[in-house]
$ cat run_25.cif   # mmCIF, C-alpha atoms
data_entry
loop_
_atom_site.label_atom_id
_atom_site.label_comp_id
_atom_site.auth_asym_id
_atom_site.auth_seq_id
_atom_site.Cartn_x
_atom_site.Cartn_y
_atom_site.Cartn_z
CA MET A 1 210.31 109.16 -188.78
CA SER A 2 212.27 106.41 -187.01
CA LYS A 3 211.45 102.74 -187.51
CA ILE A 4 211.10 101.08 -184.10
CA VAL A 5 210.70 97.45 -183.11
CA ILE A 6 209.04 97.31 -179.69
CA ALA A 7 209.42 94.18 -177.56
CA LEU A 8 206.83 94.00 -174.77
CA GLY A 9 207.70 91.74 -171.84
CA GLY A 10 205.32 88.89 -171.10
CA ASN A 11 205.75 89.34 -167.34
CA ALA A 12 205.10 93.07 -167.64
CA LEU A 13 201.72 92.31 -169.27
CA GLY A 14 200.41 90.45 -166.22
CA ASN A 15 199.60 86.93 -165.08
CA ASN A 16 196.10 86.40 -166.47
CA ALA A 17 193.83 87.67 -169.26
CA LEU A 18 191.96 90.23 -167.14
CA GLU A 19 195.12 91.69 -165.59
CA GLN A 20 196.73 91.76 -169.02
CA GLN A 21 193.74 93.58 -170.56
CA ASN A 22 193.85 96.20 -167.81
CA LYS A 23 197.57 96.79 -168.36
CA ILE A 24 197.18 96.98 -172.13
CA GLU A 25 194.39 99.56 -171.74
CA LYS A 26 196.76 101.68 -169.67
CA ILE A 27 199.65 101.49 -172.14
CA ALA A 28 197.63 101.71 -175.37
CA PRO A 29 197.55 105.56 -175.35
CA MET A 30 201.35 105.59 -174.98
CA LEU A 31 201.78 103.10 -177.82
CA VAL A 32 199.52 105.20 -180.05
CA GLU A 33 201.60 108.31 -179.25
CA LEU A 34 204.62 106.38 -180.51
CA ILE A 35 202.69 105.22 -183.57
CA LYS A 36 201.79 108.85 -184.38
CA LYS A 37 205.45 109.85 -184.55
CA HIS A 38 207.26 106.66 -185.53
CA ASP A 39 207.00 103.60 -187.75
CA VAL A 40 206.24 100.88 -185.20
CA ILE A 41 206.25 97.06 -185.17
CA ILE A 42 205.20 95.37 -181.93
CA THR A 43 206.50 92.06 -180.58
CA HIS A 44 205.81 90.54 -177.17
CA GLY A 45 206.79 87.85 -174.71
CA ASN A 46 204.59 84.99 -173.53
CA GLY A 47 206.36 83.37 -170.58
CA PRO A 48 203.54 83.52 -167.99
CA GLN A 49 200.84 83.10 -170.64
CA ILE A 50 202.17 79.98 -172.37
CA GLY A 51 202.85 78.40 -168.99
CA GLN A 52 199.27 79.02 -167.91
CA ILE A 53 197.85 77.68 -171.18
CA PHE A 54 199.96 74.53 -170.94
CA ASN A 55 198.97 73.97 -167.30
CA ASP A 56 195.28 74.35 -168.17
CA MET A 57 195.44 72.21 -171.33
CA GLN A 58 197.74 69.32 -170.52
CA THR A 59 196.83 67.41 -173.70
CA MET A 60 197.68 70.31 -176.00
CA PRO A 61 201.14 70.13 -177.70
CA PHE A 62 203.51 72.84 -176.50
CA PRO A 63 203.94 74.56 -179.92
CA GLU A 64 200.14 74.87 -180.18
CA CYS A 65 200.15 76.48 -176.74
CA GLY A 66 202.60 79.00 -178.17
CA SER A 67 200.27 79.77 -181.06
CA MET A 68 197.36 80.21 -178.64
CA SER A 69 199.37 82.68 -176.58
CA GLN A 70 200.22 84.65 -179.73
CA GLY A 71 196.55 84.72 -180.62
CA TYR A 72 195.06 85.92 -177.35
CA ILE A 73 197.82 88.39 -176.46
CA GLY A 74 197.75 89.72 -180.01
CA TYR A 75 193.95 89.93 -179.91
CA GLN A 76 193.96 92.10 -176.79
CA LEU A 77 196.74 94.33 -178.08
CA GLN A 78 195.21 94.63 -181.55
CA GLN A 79 191.71 95.44 -180.34
CA THR A 80 192.80 97.94 -177.68
CA ILE A 81 195.33 99.74 -179.90
CA GLN A 82 192.79 99.91 -182.75
CA ASP A 83 190.19 101.41 -180.40
CA GLU A 84 192.69 104.04 -179.33
CA LEU A 85 193.64 104.79 -182.95
CA ASN A 86 189.97 105.27 -183.78
CA LYS A 87 189.50 107.63 -180.82
CA LYS A 88 192.39 109.73 -182.09
CA HIS A 89 191.04 109.62 -185.68
CA ILE A 90 194.26 107.98 -186.89
CA LYS A 91 193.53 106.05 -190.07
CA LYS A 92 195.79 103.07 -189.52
CA ILE A 93 194.95 99.40 -189.14
CA CYS A 94 196.47 97.19 -186.45
CA LEU A 95 196.71 93.43 -187.03
CA THR A 96 198.24 90.33 -185.49
CA LEU A 97 200.30 87.79 -187.42
CA ILE A 98 200.92 84.27 -186.13
CA THR A 99 204.68 83.92 -186.54
CA GLN A 100 207.10 80.97 -186.65
CA THR A 101 210.83 81.10 -185.98
CA LEU A 102 213.32 78.57 -187.34
CA VAL A 103 215.81 77.05 -184.89
CA ASP A 104 218.56 74.45 -185.20
CA LYS A 105 217.41 71.05 -183.90
CA ASN A 106 220.99 70.47 -182.71
CA ASP A 107 221.12 73.71 -180.70
CA LYS A 108 222.90 73.06 -177.38
CA ALA A 109 220.05 74.82 -175.57
CA PHE A 110 218.02 71.62 -175.76
CA LEU A 111 220.54 70.05 -173.37
CA ASN A 112 220.26 72.89 -170.83
CA PRO A 113 216.77 74.42 -170.40
CA THR A 114 216.99 78.02 -169.13
CA LYS A 115 213.88 79.92 -170.30
CA PRO A 116 211.39 80.59 -167.46
CA ILE A 117 207.70 80.07 -168.21
CA GLY A 118 204.54 80.13 -166.16
CA GLN A 119 203.98 81.33 -162.63
CA PHE A 120 206.37 81.63 -159.70
CA TYR A 121 206.53 78.89 -157.06
CA THR A 122 208.23 78.43 -153.71
CA LYS A 123 211.14 76.00 -153.62
CA GLU A 124 208.96 73.39 -151.92
CA GLN A 125 206.18 73.72 -154.52
CA ALA A 126 208.69 73.51 -157.39
CA GLU A 127 210.28 70.35 -155.98
CA LYS A 128 206.86 68.71 -155.58
CA ILE A 129 205.82 69.49 -159.19
CA SER A 130 209.22 68.40 -160.49
CA GLN A 131 208.89 65.03 -158.79
CA ALA A 132 205.35 64.56 -160.10
CA LYS A 133 205.78 65.74 -163.69
CA GLY A 134 209.53 65.76 -164.37
CA TYR A 135 209.65 69.49 -165.09
CA LYS A 136 212.87 71.41 -164.49
CA PHE A 137 212.78 74.51 -162.26
CA LYS A 138 215.24 77.31 -161.58
CA GLU A 139 215.26 80.25 -159.22
CA ASP A 140 214.42 83.46 -161.11
CA ALA A 141 216.19 86.65 -159.94
CA GLY A 142 215.09 86.33 -156.32
CA ARG A 143 211.39 86.21 -157.21
CA GLY A 144 210.80 82.48 -156.77
CA TYR A 145 211.09 79.29 -158.83
CA ARG A 146 209.74 78.89 -162.36
CA ARG A 147 209.66 76.02 -164.81
CA VAL A 148 212.38 76.29 -167.47
CA VAL A 149 212.34 75.01 -171.07
CA PRO A 150 214.99 75.10 -173.83
CA SER A 151 215.61 78.50 -175.43
CA PRO A 152 217.37 77.91 -178.78
CA ILE A 153 218.86 80.74 -180.83
CA PRO A 154 216.51 82.14 -183.49
CA LYS A 155 217.92 81.56 -186.98
CA GLN A 156 215.20 82.84 -189.31
CA ILE A 157 211.77 84.40 -188.97
CA ILE A 158 209.58 82.40 -191.36
CA GLU A 159 207.07 85.20 -191.98
CA GLU A 160 209.75 87.92 -192.13
CA ASN A 161 208.86 89.08 -195.66
CA VAL A 162 205.16 89.27 -194.78
CA ILE A 163 205.90 91.41 -191.71
CA LYS A 164 208.11 93.69 -193.80
CA LYS A 165 205.51 94.03 -196.56
CA LEU A 166 202.66 94.80 -194.14
CA ASN A 167 204.83 97.36 -192.38
CA GLU A 168 205.76 99.03 -195.68
CA ASP A 169 202.07 99.16 -196.60
CA GLY A 170 201.33 101.15 -193.44
CA TYR A 171 199.88 98.49 -191.15
CA ILE A 172 200.77 98.34 -187.46
CA VAL A 173 201.94 94.74 -187.15
CA ILE A 174 201.87 92.71 -183.94
CA ALA A 175 204.10 89.73 -184.66
CA LEU A 176 206.72 87.35 -183.31
CA GLY A 177 204.79 86.69 -180.10
CA GLY A 178 206.90 84.85 -177.57
CA GLY A 179 209.86 85.09 -179.94
CA GLY A 180 207.90 83.15 -182.56
CA ILE A 181 206.68 79.55 -182.43
CA PRO A 182 209.91 77.45 -182.50
CA VAL A 183 210.08 75.22 -185.58
CA ILE A 184 212.72 72.99 -187.11
CA TYR A 185 213.00 72.02 -190.75
CA ASP A 186 212.84 68.43 -191.97
CA LYS A 187 213.50 67.64 -195.64
CA GLU A 188 210.60 65.19 -195.76
CA LYS A 189 208.09 66.70 -193.35
CA GLY A 190 208.87 70.40 -193.80
CA LEU A 191 208.46 72.68 -190.77
CA GLU A 192 207.73 71.06 -187.41
CA GLY A 193 206.91 72.72 -184.09
CA ILE A 194 209.20 71.85 -181.18
CA ASP A 195 208.95 72.10 -177.38
CA ALA A 196 210.85 75.30 -176.56
CA VAL A 197 210.41 79.03 -176.04
CA ILE A 198 212.62 81.38 -178.02
CA ASP A 199 213.77 84.47 -176.18
CA LYS A 200 211.51 87.20 -177.52
CA ASP A 201 214.16 89.91 -177.21
CA LYS A 202 216.66 87.98 -179.33
CA SER A 203 213.99 87.37 -181.96
CA ALA A 204 213.02 91.04 -181.83
CA ALA A 205 216.67 92.00 -182.37
CA LEU A 206 216.84 89.65 -185.38
CA LEU A 207 213.66 91.16 -186.82
CA ALA A 208 214.88 94.70 -186.18
CA ARG A 209 218.05 93.96 -188.12
CA GLN A 210 216.24 92.27 -190.99
CA ILE A 211 213.75 95.11 -191.53
CA ASP A 212 216.42 97.80 -191.07
CA ALA A 213 214.98 99.36 -187.90
CA ASP A 214 216.59 102.39 -186.28
CA ILE A 215 215.71 101.52 -182.69
CA LEU A 216 215.11 98.35 -180.70
CA LEU A 217 212.95 99.23 -177.69
CA ILE A 218 212.69 96.47 -175.08
CA LEU A 219 209.93 97.16 -172.54
CA THR A 220 209.88 95.20 -169.32
CA ALA A 221 208.83 95.38 -165.66
CA VAL A 222 211.80 97.51 -164.55
CA ASP A 223 212.81 100.92 -165.82
CA LYS A 224 216.58 100.60 -166.04
CA VAL A 225 219.35 98.05 -166.32
CA CYS A 226 221.04 97.82 -162.92
CA LEU A 227 224.40 96.72 -161.63
CA ASN A 228 224.38 94.81 -158.33
CA TYR A 229 220.63 94.31 -158.79
CA GLY A 230 218.67 94.01 -155.55
CA LYS A 231 221.68 94.84 -153.38
CA GLU A 232 222.42 97.87 -151.20
CA ASN A 233 224.98 99.11 -153.71
CA GLU A 234 222.61 98.83 -156.71
CA ILE A 235 223.47 101.23 -159.54
CA GLU A 236 221.02 102.25 -162.28
CA LEU A 237 222.49 102.71 -165.74
CA ASP A 238 221.17 105.61 -167.83
CA LYS A 239 223.47 104.79 -170.73
CA THR A 240 226.18 102.26 -171.53
CA THR A 241 228.29 101.15 -174.47
CA THR A 242 228.51 97.70 -176.00
CA SER A 243 232.07 97.24 -174.73
CA GLU A 244 231.03 98.16 -171.18
CA ALA A 245 228.03 95.84 -171.37
CA HIS A 246 230.28 92.92 -172.37
CA LYS A 247 232.37 93.57 -169.26
CA TYR A 248 229.28 93.59 -167.06
CA ILE A 249 228.21 90.25 -168.54
CA GLU A 250 231.65 88.78 -167.79
CA GLN A 251 231.22 89.97 -164.20
CA GLY A 252 227.91 88.08 -163.96
CA GLN A 253 225.90 91.23 -163.39
CA PHE A 254 222.78 90.09 -165.24
CA ALA A 255 220.55 87.14 -164.34
CA GLN A 256 220.23 84.36 -166.89
CA GLY A 257 216.68 84.08 -168.18
CA SER A 258 215.92 87.59 -166.93
CA MET A 259 218.00 90.71 -167.75
CA LEU A 260 220.88 88.85 -169.46
CA PRO A 261 219.02 87.95 -172.70
CA LYS A 262 217.68 91.52 -172.92
CA VAL A 263 221.17 92.97 -172.77
CA GLU A 264 222.47 90.34 -175.20
CA ALA A 265 219.69 91.21 -177.65
CA CYS A 266 220.62 94.89 -177.42
CA LEU A 267 224.26 94.05 -178.06
CA ASP A 268 223.30 91.95 -181.09
CA PHE A 269 221.32 94.83 -182.58
CA ALA A 270 223.76 97.62 -181.69
CA GLU A 271 226.85 95.77 -182.91
CA LYS A 272 225.53 94.06 -186.03
CA HIS A 273 223.21 96.82 -187.19
CA HIS A 274 224.82 99.88 -185.57
CA GLY A 275 221.42 100.88 -184.20
CA THR A 276 220.29 102.20 -180.83
CA ALA A 277 218.87 99.80 -178.25
CA ILE A 278 216.85 100.87 -175.23
CA ILE A 279 215.59 98.92 -172.20
CA ALA A 280 212.81 100.60 -170.20
CA SER A 281 209.55 99.98 -168.37
CA LEU A 282 206.24 99.80 -170.22
CA GLU A 283 205.01 102.96 -168.54
CA ASN A 284 208.09 104.98 -169.48
CA ALA A 285 208.46 103.96 -173.12
CA TYR A 286 207.70 107.40 -174.51
CA ALA A 287 210.04 109.07 -172.02
CA ALA A 288 212.77 106.55 -172.83
CA LEU A 289 212.69 107.47 -176.52
CA ASN A 290 213.20 111.08 -175.46
CA GLY A 291 216.17 110.23 -173.25
CA LYS A 292 214.30 110.76 -169.99
CA ALA A 293 214.02 107.14 -168.82
CA GLY A 294 215.38 103.67 -169.40
CA THR A 295 218.87 102.50 -170.32
CA VAL A 296 220.37 103.27 -173.73
CA ILE A 297 222.91 100.84 -175.20
CA GLU A 298 224.95 102.03 -178.19
CA GLU A 299 227.96 100.72 -180.05
CA GLY A 300 231.24 101.80 -178.57
#
$ encode --input "run_25.cif" --output "C-alpha cells"
Amino acid sequence: MSKIVIALGGNALGNNALEQQNKIEKIAPMLVELIKKHDVIITHGNGPQIGQIFNDMQTMPFPECGSMSQGYIGYQLQQTIQDELNKKHIKKICLTLITQTLVDKNDKAFLNPTKPIGQFYTKEQAEKISQAKGYKFKEDAGRGYRRVVPSPIPKQIIEENVIKKLNEDGYIVIALGGGGIPVIYDKEKGLEGIDAVIDKDKSAALLARQIDADILLILTAVDKVCLNYGKENEIELDKTTTSEAHKYIEQGQFAQGSMLPKVEACLDFAEKHHGTAIIASLENAYAALNGKAGTVIEEG
C-alpha cells in the first residue's frame, strides 16, 4: 500500500461554497477508491476561497481568513468523504486539522507578491480596485487579473507530528489547507500569523517528504503539464524527468503563480525524497495513479 499526499487545487474546487460542495460530491467516490487501496493524506488550496472571505469580511485579519478557509473547505471534504466511506462500509474516520506553517519573516517574497487569490477581474476592474484599496494585481495565465499576496517558502509544518500520528493511527487526515496558515516565530510573543498565502503544493511536498510518502499527487484544473500552453503548438507531457523539467523552467514554459509552483513542488519531492510526483486533473486522479492520465515527474 503506497502512502500518498494529495494536493487538491483551490481553483479546481470552485468559486463559492455551493459550487465547491457539488464538485466535492463528484470527486468523493474517486477519493474513497484511492483510500481503499492507498494510505492517503489530503491537502488543498484556498486561493479563491480566502480571497472571497477577505472581501466579505474586511475587518477580519488575513491569517484568520486563512483559518476560516481551512475550516469550511475541510468541513465539506470531511463530511462528504465520510458519507462516502459509510456508504461503502469502510470503517475509517476522516477529520480536518487546522494547520500552521512556519515561514521566515525576512523571506524575499514579502518584497514581491506573486500568489494569486480571489476571483478574476478584467484589467480595468483590477486597476480600479488597486487605486481604491492599494492591492497589487497580476495577469494570471491568460485568464484575467487577480490580486497577489506574498508567498514565502514553507520552512516547517507546526502540526507535522500530529498529522503523522493521526495518519499512523489510521485516520484520513485533511490538513495543511492553503499551504498552512503562515506564521513567524518571535522569541517574546511566540507564533504570529502574517499576511501571506503559502503555495499549497510546496507545503504538500514538504509534508510528503517529512512523513516519508511514496507519491505526491497534485490535482488541479488541467489534466497534464503542457509546453507552449495555450498556443497552437501546445504539447502535453505524459512523463518527464527532473532534469528536463529544470530546462523547461529555464525556458519560461510555466506561468508563475500557476503551473510553475506545481512543477517546482514536484521537483522538490522527486529530487530530495526520490519519490514519484504526478500532476493531473481532479477527475482523472485514479487514472493518473495507474499511468493513464496526468503528467509523471521522476528523478533523472
$ resolve_selection --input "run_25.cif" --expression "the PyMOL selection byres ((chain A and resi 107-123) around 6)" --output "PyMOL selection string"
chain A and resi 47-48+51-52+104-106+124-126+144-152+257
$ resolve_selection --input "run_25.cif" --expression "the PyMOL selection byres ((chain A and resi 227-237) around 9)" --output "list in words"
Ala141, Gly142, Lys224, Val225, Cys226, Asp238, Lys239, Thr240, Tyr248, Gln253, Phe254, Gly294, Thr295 and Val296 of chain A
$ atom_distance --input "run_25.cif" --atom1 "CA of Tyr75 (chain A)" --atom2 "CA of Ala175 (chain A)"
11.2 Å
$ resolve_selection --input "run_25.cif" --expression "the PyMOL selection byres ((chain A and resi 62-67) around 9)" --output "ChimeraX atom specification"
/A:46,49-51,53-54,57,60-61,68-72,98-100,177-178,180-183,193-197
$ closest_residue --input "run_25.cif" --among "A:His89, A:Lys202, A:Lys138, A:Lys133" --to "Phe269 (chain A)" --atoms "only C-alpha atoms"
A:Lys202
$ atom_distance --input "run_25.cif" --atom1 "CA of Asn86 (chain A)" --atom2 "CA of His38 (chain A)"
17.4 Å
$ atom_distance --input "run_25.cif" --atom1 "CA of Leu267 (chain A)" --atom2 "CA of Glu33 (chain A)"
26.8 Å
$ closest_atom_pairs --input "run_25.cif" --of "region 5-75 of chain A" --to "region 167-173 of chain A" --cutoff "7 Å" --atoms "all atoms listed in the file" --output "JSON lines"
{"residue": "A:Val40", "atom": "CA", "partner": "A:Ile172", "partner_atom": "CA", "distance": 6.4}
{"residue": "A:Ile41", "atom": "CA", "partner": "A:Val173", "partner_atom": "CA", "distance": 5.3}
{"residue": "A:Ile42", "atom": "CA", "partner": "A:Val173", "partner_atom": "CA", "distance": 6.2}
$ write_last_selection --input "run_25.cif" --atoms "C-alpha atoms" --output "PDB file, in the frame of the given file"
ATOM      1  CA  VAL A  40     206.240 100.880-185.200  1.00  0.00           C
ATOM      2  CA  ILE A  41     206.250  97.060-185.170  1.00  0.00           C
ATOM      3  CA  ILE A  42     205.200  95.370-181.930  1.00  0.00           C
TER       4      ILE A  42
END
$ axis_aligned_box --input "run_25.cif" --around "region 158-162 of chain A" --padding-each-side "4 Å" --output "JSON"
{"center_x": 207.5, "center_y": 85.8, "center_z": -193.5, "size_x": 12.6, "size_y": 14.9, "size_z": 12.3}
$ build_atoms --input "run_25.cif" --residues "region 237-273 of chain A" --atoms "N, CA and C atoms" --output "PDB file, keeping the file's coordinate frame"
ATOM      1  N   LEU A 237     221.744 102.232-164.580  1.00  0.00           N
ATOM      2  CA  LEU A 237     222.490 102.710-165.740  1.00  0.00           C
ATOM      3  C   LEU A 237     221.568 103.526-166.655  1.00  0.00           C
ATOM      4  N   ASP A 238     221.924 104.780-166.881  1.00  0.00           N
ATOM      5  CA  ASP A 238     221.170 105.610-167.830  1.00  0.00           C
ATOM      6  C   ASP A 238     221.620 105.307-169.262  1.00  0.00           C
ATOM      7  N   LYS A 239     222.897 105.032-169.408  1.00  0.00           N
ATOM      8  CA  LYS A 239     223.470 104.790-170.730  1.00  0.00           C
ATOM      9  C   LYS A 239     224.717 103.940-170.579  1.00  0.00           C
ATOM     10  N   THR A 240     224.962 103.053-171.538  1.00  0.00           N
ATOM     11  CA  THR A 240     226.180 102.260-171.530  1.00  0.00           C
ATOM     12  C   THR A 240     226.565 101.918-172.968  1.00  0.00           C
ATOM     13  N   THR A 241     227.810 101.537-173.153  1.00  0.00           N
ATOM     14  CA  THR A 241     228.290 101.150-174.470  1.00  0.00           C
ATOM     15  C   THR A 241     228.323  99.632-174.589  1.00  0.00           C
ATOM     16  N   THR A 242     228.467  99.147-175.788  1.00  0.00           N
ATOM     17  CA  THR A 242     228.510  97.700-176.000  1.00  0.00           C
ATOM     18  C   THR A 242     229.733  97.072-175.315  1.00  0.00           C
ATOM     19  N   SER A 243     230.855  97.775-175.357  1.00  0.00           N
ATOM     20  CA  SER A 243     232.070  97.240-174.730  1.00  0.00           C
ATOM     21  C   SER A 243     231.905  97.173-173.212  1.00  0.00           C
ATOM     22  N   GLU A 244     231.274  98.182-172.625  1.00  0.00           N
ATOM     23  CA  GLU A 244     231.030  98.160-171.180  1.00  0.00           C
ATOM     24  C   GLU A 244     230.055  97.048-170.823  1.00  0.00           C
ATOM     25  N   ALA A 245     229.031  96.871-171.642  1.00  0.00           N
ATOM     26  CA  ALA A 245     228.030  95.840-171.370  1.00  0.00           C
ATOM     27  C   ALA A 245     228.652  94.445-171.393  1.00  0.00           C
ATOM     28  N   HIS A 246     229.590  94.221-172.317  1.00  0.00           N
ATOM     29  CA  HIS A 246     230.280  92.920-172.370  1.00  0.00           C
ATOM     30  C   HIS A 246     231.041  92.673-171.062  1.00  0.00           C
ATOM     31  N   LYS A 247     231.635  93.711-170.518  1.00  0.00           N
ATOM     32  CA  LYS A 247     232.370  93.570-169.260  1.00  0.00           C
ATOM     33  C   LYS A 247     231.418  93.234-168.116  1.00  0.00           C
ATOM     34  N   TYR A 248     230.261  93.868-168.114  1.00  0.00           N
ATOM     35  CA  TYR A 248     229.280  93.590-167.060  1.00  0.00           C
ATOM     36  C   TYR A 248     228.791  92.143-167.153  1.00  0.00           C
ATOM     37  N   ILE A 249     228.632  91.634-168.364  1.00  0.00           N
ATOM     38  CA  ILE A 249     228.210  90.250-168.540  1.00  0.00           C
ATOM     39  C   ILE A 249     229.275  89.300-168.003  1.00  0.00           C
ATOM     40  N   GLU A 250     230.544  89.597-168.287  1.00  0.00           N
ATOM     41  CA  GLU A 250     231.650  88.780-167.790  1.00  0.00           C
ATOM     42  C   GLU A 250     231.682  88.760-166.261  1.00  0.00           C
ATOM     43  N   GLN A 251     231.248  89.867-165.658  1.00  0.00           N
ATOM     44  CA  GLN A 251     231.220  89.970-164.200  1.00  0.00           C
ATOM     45  C   GLN A 251     230.013  89.248-163.588  1.00  0.00           C
ATOM     46  N   GLY A 252     229.102  88.768-164.449  1.00  0.00           N
ATOM     47  CA  GLY A 252     227.910  88.080-163.960  1.00  0.00           C
ATOM     48  C   GLY A 252     226.859  89.010-163.398  1.00  0.00           C
ATOM     49  N   GLN A 253     226.807  90.230-163.930  1.00  0.00           N
ATOM     50  CA  GLN A 253     225.900  91.230-163.390  1.00  0.00           C
ATOM     51  C   GLN A 253     224.425  90.973-163.721  1.00  0.00           C
ATOM     52  N   PHE A 254     224.162  90.232-164.778  1.00  0.00           N
ATOM     53  CA  PHE A 254     222.780  90.090-165.240  1.00  0.00           C
ATOM     54  C   PHE A 254     222.302  88.644-165.124  1.00  0.00           C
ATOM     55  N   ALA A 255     221.092  88.478-164.590  1.00  0.00           N
ATOM     56  CA  ALA A 255     220.550  87.140-164.340  1.00  0.00           C
ATOM     57  C   ALA A 255     220.173  86.440-165.630  1.00  0.00           C
ATOM     58  N   GLN A 256     220.571  85.173-165.729  1.00  0.00           N
ATOM     59  CA  GLN A 256     220.230  84.360-166.890  1.00  0.00           C
ATOM     60  C   GLN A 256     218.724  84.118-166.910  1.00  0.00           C
ATOM     61  N   GLY A 257     218.112  84.260-168.080  1.00  0.00           N
ATOM     62  CA  GLY A 257     216.680  84.080-168.180  1.00  0.00           C
ATOM     63  C   GLY A 257     215.889  85.292-167.745  1.00  0.00           C
ATOM     64  N   SER A 258     216.594  86.374-167.355  1.00  0.00           N
ATOM     65  CA  SER A 258     215.920  87.590-166.930  1.00  0.00           C
ATOM     66  C   SER A 258     216.498  88.786-167.690  1.00  0.00           C
ATOM     67  N   MET A 259     217.428  89.538-167.085  1.00  0.00           N
ATOM     68  CA  MET A 259     218.000  90.710-167.750  1.00  0.00           C
ATOM     69  C   MET A 259     219.085  90.339-168.765  1.00  0.00           C
ATOM     70  N   LEU A 260     219.789  89.220-168.559  1.00  0.00           N
ATOM     71  CA  LEU A 260     220.880  88.850-169.460  1.00  0.00           C
ATOM     72  C   LEU A 260     220.455  88.769-170.928  1.00  0.00           C
ATOM     73  N   PRO A 261     219.395  88.016-171.281  1.00  0.00           N
ATOM     74  CA  PRO A 261     219.020  87.950-172.700  1.00  0.00           C
ATOM     75  C   PRO A 261     218.589  89.294-173.279  1.00  0.00           C
ATOM     76  N   LYS A 262     218.057  90.181-172.441  1.00  0.00           N
ATOM     77  CA  LYS A 262     217.680  91.520-172.920  1.00  0.00           C
ATOM     78  C   LYS A 262     218.919  92.309-173.319  1.00  0.00           C
ATOM     79  N   VAL A 263     219.932  92.257-172.465  1.00  0.00           N
ATOM     80  CA  VAL A 263     221.170  92.970-172.770  1.00  0.00           C
ATOM     81  C   VAL A 263     221.860  92.342-173.976  1.00  0.00           C
ATOM     82  N   GLU A 264     221.861  91.017-174.055  1.00  0.00           N
ATOM     83  CA  GLU A 264     222.470  90.340-175.200  1.00  0.00           C
ATOM     84  C   GLU A 264     221.773  90.706-176.505  1.00  0.00           C
ATOM     85  N   ALA A 265     220.445  90.824-176.460  1.00  0.00           N
ATOM     86  CA  ALA A 265     219.690  91.210-177.650  1.00  0.00           C
ATOM     87  C   ALA A 265     220.065  92.629-178.088  1.00  0.00           C
ATOM     88  N   CYS A 266     220.212  93.506-177.120  1.00  0.00           N
ATOM     89  CA  CYS A 266     220.620  94.890-177.420  1.00  0.00           C
ATOM     90  C   CYS A 266     222.010  94.930-178.039  1.00  0.00           C
ATOM     91  N   LEU A 267     222.906  94.114-177.513  1.00  0.00           N
ATOM     92  CA  LEU A 267     224.260  94.050-178.060  1.00  0.00           C
ATOM     93  C   LEU A 267     224.227  93.531-179.504  1.00  0.00           C
ATOM     94  N   ASP A 268     223.427  92.517-179.743  1.00  0.00           N
ATOM     95  CA  ASP A 268     223.300  91.950-181.090  1.00  0.00           C
ATOM     96  C   ASP A 268     222.847  93.013-182.081  1.00  0.00           C
ATOM     97  N   PHE A 269     221.850  93.801-181.691  1.00  0.00           N
ATOM     98  CA  PHE A 269     221.320  94.830-182.580  1.00  0.00           C
ATOM     99  C   PHE A 269     222.300  95.992-182.750  1.00  0.00           C
ATOM    100  N   ALA A 270     222.869  96.458-181.642  1.00  0.00           N
ATOM    101  CA  ALA A 270     223.760  97.620-181.690  1.00  0.00           C
ATOM    102  C   ALA A 270     225.053  97.319-182.452  1.00  0.00           C
ATOM    103  N   GLU A 271     225.576  96.098-182.281  1.00  0.00           N
ATOM    104  CA  GLU A 271     226.850  95.770-182.910  1.00  0.00           C
ATOM    105  C   GLU A 271     226.712  95.345-184.365  1.00  0.00           C
ATOM    106  N   LYS A 272     225.682  94.562-184.659  1.00  0.00           N
ATOM    107  CA  LYS A 272     225.530  94.060-186.030  1.00  0.00           C
ATOM    108  C   LYS A 272     224.818  95.035-186.952  1.00  0.00           C
ATOM    109  N   HIS A 273     224.003  95.902-186.363  1.00  0.00           N
ATOM    110  CA  HIS A 273     223.210  96.820-187.190  1.00  0.00           C
ATOM    111  C   HIS A 273     223.574  98.281-186.950  1.00  0.00           C
TER     112      HIS A 273
END
